[in-house]
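Beneath this line is the structure, given in structure tokens, with notes to follow.
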Amino acid sequence: MNHKYPKSERLKSKNTIDLIFSKGKSVSKYPLRLVYAAVETDSNQPIQVGVSVSKKHFKKAVDRNYFKRVLRETFRTNKYIILNAVDKPYALMFFYQSADRLSYAEIQEKTIQLFEKFKAQIKSEKEN
């Protein structure tokens with residue numbers, strides 16, 4: 001399995017981000033939240049991901065950057081869960097929404113649970 005996180009998988013398009021927030025759906029597993037939307041993309045990547053940590057909970061940029069790095073790393077190591085489930089391109093925003101400072105192992109565990117929940121929701125949408 002390819003565990004890279006290339007530049008083409010990073011979500012940078014303002015239009016796509018706006019689409020996610022206006023028409024996207026959401027899945028949560030405290031303290032993580034994943035907002036997603038199916039998109040028409042010109043890249044050959046099946047998923048594009050953006051990461052965000054609330055300034056409300058972490059005032060210092062150092063703390064926000066640490067949690068963004070952890071979220072990107074947990075995505076990178078567990079993205080195979082999502083890649084095996086999707087059949088069309090998706091844009092995702094990945095949020096850390098709590099002031100609780102979880103360890104890397106706890107965030108890793110929550111990420112896997114969140115991705116499994118996302119996979120189940122995608123599967124149920126296909127059936128309907």
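In the structure tokens, chains take letters A, B, ... by order of appearance, with residues numbered from 1 within each chain and ligands from 1 in the order shown.
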
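Of the residues in region 15-125 of chain A, those that DSSP places in strand (DSSP E or B) on the basis of the backbone are A:Lys25, A:Ser26, A:Val27, A:Ser28, A:Lys29, A:Leu32, A:Arg33, A:Leu34, A:Val35, A:Tyr36, A:Ala37, A:Ala38, A:Ile47, A:Gln48, A:Val49, A:Gly50, A:Val51, A:Ser52, A:Val53, A:Tyr90, A:Ala91, A:Leu92, A:Met93, A:Phe94, A:Phe95, A:Tyr96.
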
Discussion item. Need to verify the contact set: Lys119 (chain A), 8 Å, only C-alpha atoms, exclusion of same-chain residues closer than 5 positions in sequence. Can you return it as JSON, numbers by chain?
Written reply: {"A": [81, 82, 85, 86]}

For those residues, write all heavy atoms to a file as an mmCIF file, in the first residue's frame.
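That gives us out22.cif:
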data_model
loop_
_atom_site.group_PDB
_atom_site.id
_atom_site.type_symbol
_atom_site.label_atom_id
_atom_site.label_comp_id
_atom_site.auth_asym_id
_atom_site.auth_seq_id
_atom_site.Cartn_x
_atom_site.Cartn_y
_atom_site.Cartn_z
ATOM 1 N N ILE A 81 -8.305 2.747 4.114
ATOM 2 C CA ILE A 81 -9.682 2.436 4.521
ATOM 3 C C ILE A 81 -10.668 3.170 3.617
ATOM 4 O O ILE A 81 -11.658 2.600 3.148
ATOM 5 C CB ILE A 81 -9.915 2.820 5.999
ATOM 6 C CG1 ILE A 81 -9.008 2.005 6.914
ATOM 7 C CG2 ILE A 81 -11.379 2.645 6.389
ATOM 8 C CD1 ILE A 81 -8.980 2.480 8.363
ATOM 9 N N ILE A 82 -10.379 4.441 3.349
ATOM 10 C CA ILE A 82 -11.249 5.255 2.509
ATOM 11 C C ILE A 82 -11.077 4.891 1.039
ATOM 12 O O ILE A 82 -12.048 4.760 0.307
ATOM 13 C CB ILE A 82 -10.965 6.760 2.721
ATOM 14 C CG1 ILE A 82 -11.360 7.174 4.134
ATOM 15 C CG2 ILE A 82 -11.705 7.606 1.702
ATOM 16 C CD1 ILE A 82 -11.037 8.598 4.480
ATOM 17 N N ALA A 85 -13.094 2.129 -0.282
ATOM 18 C CA ALA A 85 -14.547 2.304 -0.214
ATOM 19 C C ALA A 85 -15.106 3.224 -1.294
ATOM 20 O O ALA A 85 -16.269 3.109 -1.658
ATOM 21 C CB ALA A 85 -14.935 2.841 1.152
ATOM 22 N N VAL A 86 -14.294 4.149 -1.795
ATOM 23 C CA VAL A 86 -14.827 5.148 -2.729
ATOM 24 C C VAL A 86 -14.743 4.666 -4.174
ATOM 25 O O VAL A 86 -13.816 3.965 -4.560
ATOM 26 C CB VAL A 86 -14.118 6.514 -2.584
ATOM 27 C CG1 VAL A 86 -14.304 7.077 -1.200
ATOM 28 C CG2 VAL A 86 -12.658 6.434 -2.939
#

Practice prompt. Quick one: everything within 9 Å of Val39 (chain A), counting only C-alpha atoms, minus sequence neighbours fewer than 5 positions away in the same chain. Send it as a VMD selection string.
Written response: chain A and resid 16 19 to 20 88 to 91

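You can rank A:Lys60, A:Lys117, A:Met93, A:Ala37 by their closest distance to Ser22 (chain A) using only C-alpha atoms, and at the top of that list sits A:Ala37.
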
Item to complete: Find the residues around region 63-75 of chain A up to 10 Å (only C-alpha atoms counted), leave out those fewer than 2 positions away in its own chain, and share them as a PyMOL selection string.
Response: chain A and resi 3-5+10+32+49-55+57-61+77-82+94-96+101-105+107-112+115

Fill in: Which residue of A:Val27, A:Glu40, A:Lys14, A:Val62 approaches Phe118 (chain A) most closely, using only C-alpha atoms
A:Val27
